[in-house]
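Shown next: structure.pdb, given as PDB, C-alpha atoms and all ligand atoms.
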```pdb
ATOM      1  CA  MET A   1      -4.954   9.492-112.202
ATOM      2  CA  ALA A   2      -3.285   6.219-113.038
ATOM      3  CA  GLU A   3      -3.646   3.178-110.828
ATOM      4  CA  LEU A   4      -0.322   2.206-109.188
ATOM      5  CA  ILE A   5       1.127  -1.217-109.925
ATOM      6  CA  ASP A   6       2.481  -2.275-106.535
ATOM      7  CA  GLY A   7       5.750  -4.111-107.133
ATOM      8  CA  LYS A   8       6.379  -4.494-103.418
ATOM      9  CA  LYS A   9       3.127  -6.384-102.908
ATOM     10  CA  ILE A  10       3.403  -8.454-106.115
ATOM     11  CA  SER A  11       7.040  -9.420-105.380
ATOM     12  CA  GLN A  12       6.041 -10.363-101.824
ATOM     13  CA  ASP A  13       3.256 -12.604-103.181
ATOM     14  CA  LEU A  14       5.716 -14.260-105.584
ATOM     15  CA  LYS A  15       8.306 -14.809-102.828
ATOM     16  CA  ASP A  16       5.597 -16.324-100.608
ATOM     17  CA  GLU A  17       4.597 -18.710-103.415
ATOM     18  CA  VAL A  18       8.250 -19.705-103.886
ATOM     19  CA  LYS A  19       8.664 -20.149-100.121
ATOM     20  CA  GLU A  20       5.679 -22.496-100.005
ATOM     21  CA  GLN A  21       6.997 -24.636-102.867
ATOM     22  CA  VAL A  22      10.539 -24.720-101.429
ATOM     23  CA  ALA A  23       9.071 -25.969 -98.119
ATOM     24  CA  GLU A  24       7.059 -28.623 -99.984
ATOM     25  CA  LEU A  25      10.184 -29.818-101.814
ATOM     26  CA  LYS A  26      11.994 -30.052 -98.475
ATOM     27  CA  THR A  27       9.398 -32.527 -97.228
ATOM     28  CA  LYS A  28      10.400 -34.707-100.198
ATOM     29  CA  GLY A  29      14.070 -34.385 -99.269
ATOM     30  CA  VAL A  30      14.925 -31.891-102.057
ATOM     31  CA  GLU A  31      16.875 -28.757-101.055
ATOM     32  CA  VAL A  32      17.200 -25.653-103.246
ATOM     33  CA  THR A  33      20.653 -24.029-103.254
ATOM     34  CA  LEU A  34      21.965 -20.866-104.924
ATOM     35  CA  ALA A  35      25.705 -20.162-105.197
ATOM     36  CA  VAL A  36      26.437 -16.423-105.269
ATOM     37  CA  ILE A  37      29.879 -15.216-106.376
ATOM     38  CA  LEU A  38      31.056 -11.668-105.719
ATOM     39  CA  VAL A  39      34.508 -10.570-106.890
ATOM     40  CA  GLY A  40      35.910  -7.418-105.279
ATOM     41  CA  ASN A  41      34.038  -4.933-103.094
ATOM     42  CA  ASP A  42      32.012  -2.663-105.369
ATOM     43  CA  PRO A  43      29.592  -1.025-102.877
ATOM     44  CA  ALA A  44      26.463  -1.370-105.051
ATOM     45  CA  SER A  45      27.245  -5.036-105.831
ATOM     46  CA  THR A  46      27.813  -5.741-102.134
ATOM     47  CA  VAL A  47      24.329  -4.353-101.361
ATOM     48  CA  TYR A  48      22.717  -6.366-104.224
ATOM     49  CA  VAL A  49      24.393  -9.587-103.084
ATOM     50  CA  GLY A  50      23.295  -8.924 -99.479
ATOM     51  CA  ASN A  51      19.691  -8.490-100.672
ATOM     52  CA  LYS A  52      19.870 -11.731-102.674
ATOM     53  CA  LYS A  53      21.102 -13.612 -99.593
ATOM     54  CA  LYS A  54      18.271 -12.131 -97.507
ATOM     55  CA  ALA A  55      15.701 -13.246-100.094
ATOM     56  CA  CYS A  56      17.208 -16.762 -99.995
ATOM     57  CA  GLU A  57      16.838 -16.838 -96.222
ATOM     58  CA  TYR A  58      13.210 -15.677 -96.498
ATOM     59  CA  THR A  59      12.221 -18.259 -99.089
ATOM     60  CA  GLY A  60      14.127 -21.150 -97.466
ATOM     61  CA  ILE A  61      16.660 -21.395-100.322
ATOM     62  CA  ASN A  62      20.193 -22.232 -99.162
ATOM     63  CA  SER A  63      22.762 -19.671-100.241
ATOM     64  CA  LYS A  64      26.413 -20.516-100.674
ATOM     65  CA  SER A  65      28.364 -17.305-100.744
ATOM     66  CA  PHE A  66      31.781 -16.843-102.377
ATOM     67  CA  GLU A  67      33.228 -13.415-101.657
ATOM     68  CA  LEU A  68      36.503 -13.281-103.563
ATOM     69  CA  PRO A  69      39.201 -10.586-103.503
ATOM     70  CA  GLU A  70      39.532  -8.025-106.332
ATOM     71  CA  GLU A  71      42.810  -9.699-107.440
ATOM     72  CA  THR A  72      41.111 -13.049-108.168
ATOM     73  CA  THR A  73      42.297 -14.259-111.580
ATOM     74  CA  GLU A  74      39.968 -15.254-114.419
ATOM     75  CA  GLU A  75      41.402 -18.766-114.176
ATOM     76  CA  GLU A  76      40.564 -19.040-110.458
ATOM     77  CA  LEU A  77      37.024 -17.815-111.076
ATOM     78  CA  LEU A  78      36.507 -20.256-113.982
ATOM     79  CA  LYS A  79      37.785 -23.107-111.778
ATOM     80  CA  LEU A  80      35.258 -22.239-109.039
ATOM     81  CA  ILE A  81      32.420 -22.124-111.602
ATOM     82  CA  LYS A  82      33.469 -25.534-112.942
ATOM     83  CA  GLU A  83      33.345 -26.984-109.406
ATOM     84  CA  LEU A  84      29.890 -25.482-108.834
ATOM     85  CA  ASN A  85      28.675 -26.807-112.212
ATOM     86  CA  GLU A  86      29.692 -30.297-111.084
ATOM     87  CA  ASP A  87      28.272 -29.939-107.551
ATOM     88  CA  GLU A  88      24.895 -31.706-107.620
ATOM     89  CA  THR A  89      23.722 -29.892-104.488
ATOM     90  CA  VAL A  90      23.899 -26.524-106.302
ATOM     91  CA  ASN A  91      20.830 -25.578-108.421
ATOM     92  CA  GLY A  92      21.751 -22.038-109.380
ATOM     93  CA  ILE A  93      24.975 -20.103-109.975
ATOM     94  CA  LEU A  94      25.029 -16.313-109.971
ATOM     95  CA  VAL A  95      28.134 -14.238-110.674
ATOM     96  CA  GLN A  96      27.452 -10.659-109.638
ATOM     97  CA  LEU A  97      28.294  -8.150-112.384
ATOM     98  CA  PRO A  98      30.230  -6.016-113.110
ATOM     99  CA  LEU A  99      33.432  -8.035-112.701
ATOM    100  CA  PRO A 100      36.852  -6.384-112.270
ATOM    101  CA  LYS A 101      38.309  -5.185-115.602
ATOM    102  CA  HIS A 102      40.953  -7.942-115.871
ATOM    103  CA  ILE A 103      38.230 -10.635-116.074
ATOM    104  CA  ASP A 104      36.356 -11.335-119.333
ATOM    105  CA  GLU A 105      32.669 -11.194-118.348
ATOM    106  CA  ASP A 106      31.419 -13.006-121.466
ATOM    107  CA  LYS A 107      33.792 -15.900-120.880
ATOM    108  CA  VAL A 108      32.633 -16.197-117.258
ATOM    109  CA  ILE A 109      28.940 -16.164-118.203
ATOM    110  CA  ARG A 110      29.565 -18.818-120.876
ATOM    111  CA  ALA A 111      31.313 -21.030-118.297
ATOM    112  CA  ILE A 112      28.113 -21.405-116.235
ATOM    113  CA  ASP A 113      26.119 -24.589-116.911
ATOM    114  CA  PRO A 114      22.959 -23.340-118.748
ATOM    115  CA  ASP A 115      20.911 -25.644-116.477
ATOM    116  CA  LYS A 116      22.121 -23.566-113.491
ATOM    117  CA  ASP A 117      22.073 -20.158-115.208
ATOM    118  CA  VAL A 118      19.453 -18.555-112.925
ATOM    119  CA  ASP A 119      20.368 -15.061-114.190
ATOM    120  CA  GLY A 120      19.453 -16.138-117.743
ATOM    121  CA  PHE A 121      22.525 -14.399-119.224
ATOM    122  CA  HIS A 122      24.133 -17.432-120.945
ATOM    123  CA  PRO A 123      23.834 -17.367-124.773
ATOM    124  CA  GLU A 124      22.137 -20.779-124.557
ATOM    125  CA  SER A 125      19.465 -19.317-122.220
ATOM    126  CA  VAL A 126      18.960 -16.383-124.598
ATOM    127  CA  GLY A 127      18.712 -18.823-127.533
ATOM    128  CA  ARG A 128      16.181 -21.001-125.707
ATOM    129  CA  LEU A 129      14.065 -17.920-124.973
ATOM    130  CA  SER A 130      14.238 -16.835-128.619
ATOM    131  CA  ILE A 131      12.975 -20.137-129.980
ATOM    132  CA  GLY A 132      10.500 -20.728-127.148
ATOM    133  CA  VAL A 133      11.927 -23.795-125.434
ATOM    134  CA  PRO A 134      12.190 -24.065-121.623
ATOM    135  CA  GLY A 135      15.136 -22.208-120.104
ATOM    136  CA  PHE A 136      15.967 -19.438-117.679
ATOM    137  CA  VAL A 137      14.722 -15.925-118.400
ATOM    138  CA  SER A 138      16.594 -12.824-117.273
ATOM    139  CA  CYS A 139      14.993 -11.781-113.968
ATOM    140  CA  THR A 140      14.049  -8.139-114.654
ATOM    141  CA  PRO A 141      12.039  -8.716-117.872
ATOM    142  CA  ALA A 142      10.478 -11.829-116.307
ATOM    143  CA  GLY A 143       9.448  -9.586-113.391
ATOM    144  CA  VAL A 144       7.905  -7.042-115.764
ATOM    145  CA  ILE A 145       5.737  -9.744-117.371
ATOM    146  CA  GLU A 146       4.582 -10.830-113.910
ATOM    147  CA  LEU A 147       3.697  -7.212-113.003
ATOM    148  CA  LEU A 148       1.686  -6.879-116.222
ATOM    149  CA  LYS A 149      -0.151 -10.171-115.739
ATOM    150  CA  ARG A 150      -0.887  -9.710-112.046
ATOM    151  CA  SER A 151      -2.142  -6.152-112.569
ATOM    152  CA  GLY A 152      -4.650  -7.459-115.095
ATOM    153  CA  THR A 153      -3.075  -5.829-118.163
ATOM    154  CA  ASN A 154      -4.160  -7.427-121.427
ATOM    155  CA  LEU A 155      -1.187  -8.404-123.602
ATOM    156  CA  ASP A 156      -2.887 -10.534-126.265
ATOM    157  CA  GLY A 157      -3.016  -8.416-129.423
ATOM    158  CA  ALA A 158      -1.877  -5.320-127.493
ATOM    159  CA  ASN A 159       0.531  -2.803-129.019
ATOM    160  CA  ALA A 160       3.587  -3.159-126.770
ATOM    161  CA  VAL A 161       6.467  -0.727-127.132
ATOM    162  CA  VAL A 162       9.821  -1.339-125.439
ATOM    163  CA  VAL A 163      12.176   1.637-125.239
ATOM    164  CA  GLY A 164      15.748   0.314-124.884
ATOM    165  CA  ARG A 165      17.505  -2.650-126.497
ATOM    166  CA  SER A 166      19.932  -3.952-123.852
ATOM    167  CA  ASN A 167      20.745  -7.655-123.685
ATOM    168  CA  ILE A 168      19.555  -7.857-120.082
ATOM    169  CA  VAL A 169      16.234  -5.985-120.389
ATOM    170  CA  GLY A 170      15.126  -4.573-123.768
ATOM    171  CA  LYS A 171      15.781  -7.545-126.058
ATOM    172  CA  PRO A 172      14.445 -10.322-123.771
ATOM    173  CA  MET A 173      11.506  -8.019-122.886
ATOM    174  CA  GLY A 174      10.547  -7.841-126.557
ATOM    175  CA  ILE A 175      10.678 -11.620-126.929
ATOM    176  CA  LEU A 176       8.637 -12.202-123.758
ATOM    177  CA  LEU A 177       5.935  -9.760-124.885
ATOM    178  CA  LEU A 178       5.855 -11.511-128.252
ATOM    179  CA  ARG A 179       5.378 -14.825-126.409
ATOM    180  CA  GLU A 180       2.281 -13.244-124.784
ATOM    181  CA  ASN A 181       0.934 -12.439-128.285
ATOM    182  CA  ALA A 182       1.548  -8.693-128.118
ATOM    183  CA  THR A 183       2.527  -6.760-131.256
ATOM    184  CA  VAL A 184       5.986  -5.605-130.272
ATOM    185  CA  THR A 185       8.053  -2.575-131.297
ATOM    186  CA  ILE A 186      11.531  -2.070-129.850
ATOM    187  CA  CYS A 187      12.804   1.524-129.909
ATOM    188  CA  HIS A 188      16.328   2.819-129.268
ATOM    189  CA  SER A 189      18.540   5.871-129.661
ATOM    190  CA  HIS A 190      18.325   5.770-133.501
ATOM    191  CA  THR A 191      14.525   5.441-133.624
ATOM    192  CA  LYS A 192      12.733   8.090-135.662
ATOM    193  CA  ASN A 193       9.424   9.472-134.337
ATOM    194  CA  LEU A 194       9.921   7.972-130.869
ATOM    195  CA  LYS A 195       7.096  10.007-129.367
ATOM    196  CA  GLU A 196       4.640   8.980-132.075
ATOM    197  CA  ILE A 197       5.465   5.284-131.626
ATOM    198  CA  CYS A 198       5.215   5.476-127.819
ATOM    199  CA  LYS A 199       1.894   7.320-128.075
ATOM    200  CA  ASN A 200       0.473   4.331-129.934
ATOM    201  CA  ALA A 201       1.431   1.867-127.169
ATOM    202  CA  ASP A 202      -1.145   0.094-125.030
ATOM    203  CA  VAL A 203       1.795  -1.165-122.975
ATOM    204  CA  LEU A 204       4.958   0.934-122.710
ATOM    205  CA  VAL A 205       8.091  -0.521-121.087
ATOM    206  CA  VAL A 206      10.926   1.961-120.599
ATOM    207  CA  ALA A 207      14.496   0.781-119.951
ATOM    208  CA  ILE A 208      16.928   3.365-121.316
ATOM    209  CA  GLY A 209      18.851   4.535-118.264
ATOM    210  CA  GLN A 210      17.952   8.235-118.703
ATOM    211  CA  PRO A 211      16.238   9.978-115.790
ATOM    212  CA  LYS A 212      12.664  11.169-116.490
ATOM    213  CA  PHE A 213      13.170  10.864-120.277
ATOM    214  CA  ILE A 214       9.602   9.772-121.067
ATOM    215  CA  ASP A 215       6.986  12.259-119.907
ATOM    216  CA  GLY A 216       3.200  12.351-120.212
ATOM    217  CA  SER A 217       3.348  13.635-123.808
ATOM    218  CA  TYR A 218       4.715  10.209-124.928
ATOM    219  CA  ILE A 219       1.855   8.252-123.359
ATOM    220  CA  LYS A 220      -1.524   7.199-124.762
ATOM    221  CA  GLU A 221      -4.503   7.871-122.498
ATOM    222  CA  GLY A 222      -5.116   4.767-120.372
ATOM    223  CA  ALA A 223      -1.899   2.932-121.348
ATOM    224  CA  THR A 224       0.034   0.738-118.907
ATOM    225  CA  VAL A 225       3.497   2.159-118.237
ATOM    226  CA  ILE A 226       6.351   0.121-116.764
ATOM    227  CA  ASP A 227       9.441   2.044-115.659
ATOM    228  CA  VAL A 228      12.582  -0.119-115.408
ATOM    229  CA  GLY A 229      14.955   2.802-114.730
ATOM    230  CA  ILE A 230      16.331   3.751-111.342
ATOM    231  CA  HIS A 231      18.385   6.888-110.669
ATOM    232  CA  ARG A 232      19.328   8.976-107.692
ATOM    233  CA  ILE A 233      18.110  12.571-108.132
ATOM    234  CA  ASP A 234      21.208  14.792-107.982
ATOM    235  CA  GLY A 235      22.082  16.031-104.552
ATOM    236  CA  THR A 236      19.203  14.209-102.819
ATOM    237  CA  LYS A 237      18.453  10.763-101.450
ATOM    238  CA  LYS A 238      15.369  10.562-103.670
ATOM    239  CA  LEU A 239      15.060   8.098-106.549
ATOM    240  CA  CYS A 240      13.428   8.499-109.937
ATOM    241  CA  GLY A 241      12.954   6.331-113.022
ATOM    242  CA  ASP A 242      13.273   6.755-116.803
ATOM    243  CA  VAL A 243       9.686   8.042-116.771
ATOM    244  CA  ASP A 244       8.644  11.466-115.489
ATOM    245  CA  PHE A 245       6.144  10.041-113.010
ATOM    246  CA  GLU A 246       4.313  13.301-112.235
ATOM    247  CA  SER A 247       3.211  14.010-115.792
ATOM    248  CA  ALA A 248       2.899  10.314-116.765
ATOM    249  CA  GLU A 249       0.462   9.360-114.007
ATOM    250  CA  LYS A 250      -1.984  11.979-115.277
ATOM    251  CA  VAL A 251      -2.292  10.194-118.644
ATOM    252  CA  ALA A 252      -1.554   6.484-117.996
ATOM    253  CA  GLY A 253      -4.150   3.955-116.914
ATOM    254  CA  LYS A 254      -1.673   1.983-114.803
ATOM    255  CA  ILE A 255       1.922   2.806-113.872
ATOM    256  CA  THR A 256       4.786   1.437-111.766
ATOM    257  CA  PRO A 257       6.353   3.770-109.197
ATOM    258  CA  VAL A 258      10.119   4.124-108.619
ATOM    259  CA  PRO A 259      11.024   2.844-106.084
ATOM    260  CA  GLY A 260       8.567   0.012-105.396
ATOM    261  CA  GLY A 261       7.754  -1.035-108.964
ATOM    262  CA  VAL A 262      10.050  -3.203-111.082
ATOM    263  CA  GLY A 263      12.982  -3.164-108.600
ATOM    264  CA  PRO A 264      11.676  -5.661-106.021
ATOM    265  CA  MET A 265      10.532  -8.049-108.789
ATOM    266  CA  THR A 266      14.070  -8.855-109.955
ATOM    267  CA  ILE A 267      15.089 -10.668-106.775
ATOM    268  CA  ALA A 268      11.712 -12.411-106.474
ATOM    269  CA  GLU A 269      12.198 -13.767-110.024
ATOM    270  CA  LEU A 270      15.732 -14.901-109.123
ATOM    271  CA  MET A 271      14.269 -16.932-106.248
ATOM    272  CA  ASN A 272      11.669 -18.339-108.653
ATOM    273  CA  ASN A 273      14.400 -19.315-111.146
ATOM    274  CA  CYS A 274      16.281 -21.173-108.377
ATOM    275  CA  LEU A 275      13.089 -23.052-107.491
ATOM    276  CA  GLN A 276      12.422 -23.877-111.166
ATOM    277  CA  SER A 277      15.979 -25.186-111.482
ATOM    278  CA  ALA A 278      15.468 -27.545-108.544
ATOM    279  CA  LEU A 279      12.103 -28.690-109.960
ATOM    280  CA  MET A 280      13.639 -29.392-113.385
ATOM    281  CA  ASN A 281      16.532 -31.419-112.074
ATOM    282  CA  LYS A 282      14.991 -33.292-109.162
TER     283      LYS A 282
HETATM  284  N1  LIG A 301      24.475  -6.604-111.616
HETATM  285  C1  LIG A 301      23.413  -5.762-111.721
HETATM  286  N2  LIG A 301      22.279  -6.471-111.942
HETATM  287  C2  LIG A 301      22.638  -7.775-111.967
HETATM  288  C3  LIG A 301      21.908  -8.988-112.147
HETATM  289  O1  LIG A 301      20.693  -9.016-112.337
HETATM  290  N3  LIG A 301      22.641 -10.125-112.100
HETATM  291  C4  LIG A 301      23.982 -10.115-111.911
HETATM  292  N4  LIG A 301      24.606 -11.285-111.901
HETATM  293  N5  LIG A 301      24.684  -9.034-111.750
HETATM  294  C5  LIG A 301      24.004  -7.857-111.770
END
```

Have the structure of the file written as structure tokens, please.
Amino acid sequence: MAELIDGKKISQDLKDEVKEQVAELKTKGVEVTLAVILVGNDPASTVYVGNKKKACEYTGINSKSFELPEETTEEELLKLIKELNEDETVNGILVQLPLPKHIDEDKVIRAIDPDKDVDGFHPESVGRLSIGVPGFVSCTPAGVIELLKRSGTNLDGANAVVVGRSNIVGKPMGILLLRENATVTICHSHTKNLKEICKNADVLVVAIGQPKFIDGSYIKEGATVIDVGIHRIDGTKKLCGDVDFESAEKVAGKITPVPGGVGPMTIAELMNNCLQSALMNK
């Protein structure tokens, strides 16, 4: 049976480390502040934003919350971002996605100062990551790397396979694994011989948004499996990932559960990015 990688515990450790450093900065008169913008009242986004504010409270990071009505215009939102870019007391700016349909998401992301882009979604942040210069890394793939490192998974020279090529997870995940000296393969819906490629992975990261798509038959004996997916099982309150946990845990060496694996890492990494922003600009 595979060993569980405990995302709850690892994210708690990371938040505690951030909390300690935030407190230390405070003694030097430096405050860390995150501005969170939510447009409209999408229920899932409201929950995510609430969780981000709670994590700020826990770590001692100030949160400035902007809850704007659904009818907010693109122009009004861009004006607020410009003000926050110029506000020296703000270290991080986060615009919760998705935005209402009448607002151009790309334009909004590009309006954020890359030095305050704690989500790591700005093209400049993505470019910095690609060429290996300091910048913000998208929180979920950064969290996956932390899970791998803190669970003692070797990445140097390892065959790492990423299933999924999204801008937020798959692509940055591939670059981060490459930075750790893994040999990286990124698979997607057009990949031939998916099972064969996955079966050769020492480290398998799955982020495709398809419930229980990858079962034990895709996994090499002893491999480390990271499941980024999260889905509600039809008609129940139960959650599952992109990996069929039951069959996968019989073959894998280490595996993340859903819930309690990758999920809690995303917010912990956001807090870390806010701290890093304050450290860079102090
Ligand atoms: N919506 C879902 N996930 C995220 C995230 O990580 N950041 C932002 N800004 N919006 C999201």

inquiry  = Using only C-alpha atoms and all ligand atoms, which residues of the polymer chains come no farther than 9 Å from ligand LIG 301 (chain A)? I'd like the answer as number ranges by chain.
reply    = A: 36-38, 44-45, 48-49, 94-99, 118-121, 138-140, 168, 266-267, 270

remark   = If you count only C-alpha atoms, the residue of A:Gly261, A:Gly164, A:Val32, A:Leu204 closest to A:Ile230 turns out to be A:Gly261

key: Straight-line distance linking atom CA of A:Ser189 with atom CA of A:Asp42, stated in Å to one decimal   =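 For atom CA of A:Ser189 relative to atom CA of A:Asp42, the distance reads 29.1 Å.
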
request  = List the residues selected by the PyMOL selection byres (((chain A and resi 201) around 12) and not hetatm) in the file shown, writing them as a ChimeraX atom specification.
outcome  = /A:155,157-163,182-187,194-200,202-206,218-226,252-253

request  = To one decimal in Å, tell me the separation between atom CA of A:Arg110 and atom CA of A:Val169.
outcome  =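 We find that atom CA of A:Arg110 and atom CA of A:Val169 lie 18.5 Å from each other.
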
ask   = How far is it from atom CA of A:Ile61 to atom CA of A:Ser11, in Å with one decimal?
value =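 Atom-to-atom, atom CA of A:Ile61 and atom CA of A:Ser11 are spaced 16.2 Å apart.
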
inquiry  = Set the distance at 12 Å and use only C-alpha atoms: which residues neighbour A:Ile5 once local chain neighbours fewer than 2 positions away are removed? I'd like the list as a PyMOL selection string.
reply    = chain A and resi 2-3+7-11+144+146-153+224-227+249+252-262+265

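If you measure from each of A:Leu68, A:Val108, A:Ala207, A:Ile214 to A:Asn167 using all atoms listed in the file, the closest one turns out to be A:Ala207.
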
When you look at A:Ser130 with a cut-off of 9 Å (counting only C-alpha atoms), what residues show up, excluding the ones that are within fewer than 4 positions of it in the same chain? I need them as a CSV table (one decimal) with C-alpha atoms, in the coordinates of the input.
```csv
chain,number,residue,atom,x,y,z
A,125,SER,CA,19.5,-19.3,-122.2
A,126,VAL,CA,19.0,-16.4,-124.6
A,172,PRO,CA,14.4,-10.3,-123.8
A,175,ILE,CA,10.7,-11.6,-126.9
A,176,LEU,CA,8.6,-12.2,-123.8
```

Expand the PyMOL selection byres (((chain A and resi 274) around 7) and not hetatm) into the individual residues it matches in the shown file, reporting them as a JSON list (two decimals) with C-alpha atoms, keeping the file's coordinate frame.
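As written to disk, expr.json reads:
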```json
[["chain", "number", "residue", "atom", "x", "y", "z"],
["A", 32, "VAL", "CA", 17.20, -25.65, -103.25],
["A", 34, "LEU", "CA", 21.96, -20.87, -104.92],
["A", 91, "ASN", "CA", 20.83, -25.58, -108.42],
["A", 92, "GLY", "CA", 21.75, -22.04, -109.38],
["A", 118, "VAL", "CA", 19.45, -18.56, -112.92],
["A", 270, "LEU", "CA", 15.73, -14.90, -109.12],
["A", 271, "MET", "CA", 14.27, -16.93, -106.25],
["A", 272, "ASN", "CA", 11.67, -18.34, -108.65],
["A", 273, "ASN", "CA", 14.40, -19.32, -111.15],
["A", 275, "LEU", "CA", 13.09, -23.05, -107.49],
["A", 276, "GLN", "CA", 12.42, -23.88, -111.17],
["A", 277, "SER", "CA", 15.98, -25.19, -111.48],
["A", 278, "ALA", "CA", 15.47, -27.54, -108.54]]
```

query = Contacts of A:Lys107 at 12 Å or less, counting all atoms listed in the file, minus same-chain residues fewer than 2 places along, as a list of chain:residue names?
reply =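 Those residues are A:Glu74, A:Glu75, A:Leu77, A:Leu78, A:Ile81, A:Val95, A:Leu99, A:His102, A:Ile103, A:Asp104, A:Glu105, A:Ile109, A:Arg110, A:Ala111, A:Ile112, A:Phe121, A:His122, A:Pro123.
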
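When you apply the PyMOL selection byres (((chain A and resi 19) around 12) and not hetatm) to this structure, what comes back is Gln12, Asp13, Leu14, Lys15, Asp16, Glu17, Val18, Glu20, Gln21, Val22, Ala23, Glu24, Leu25, Lys26, Glu31, Val32, Ala55, Cys56, Glu57, Tyr58, Thr59, Gly60, Ile61, Asn62, Ala268, Met271, Asn272, Cys274 and Leu275 of chain A.
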
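With all atoms listed in the file as the basis for measurement, A:Leu178 is the residue among A:Val243, A:Met173, A:Leu178, A:Val137 that approaches A:Asp156 most closely.
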
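Among the candidates A:Asn281, A:Gly143, A:Thr191, A:Arg179, the residue lying nearest to A:Val228 is A:Gly143 (atoms considered: all atoms listed in the file).
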
ask   = Looking at A:Lys237, A:Lys192, A:Lys64, A:Lys28, which one is nearest to A:Leu84, with distances taken over only C-alpha atoms?
value = A:Lys64

query = A:Gly174, A:Pro211, A:Gly127, A:Gly40: which is nearest A:Lys101, counting all atoms listed in the file?
reply =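 Among A:Gly174, A:Pro211, A:Gly127, A:Gly40, it is A:Gly40 that comes nearest to A:Lys101.
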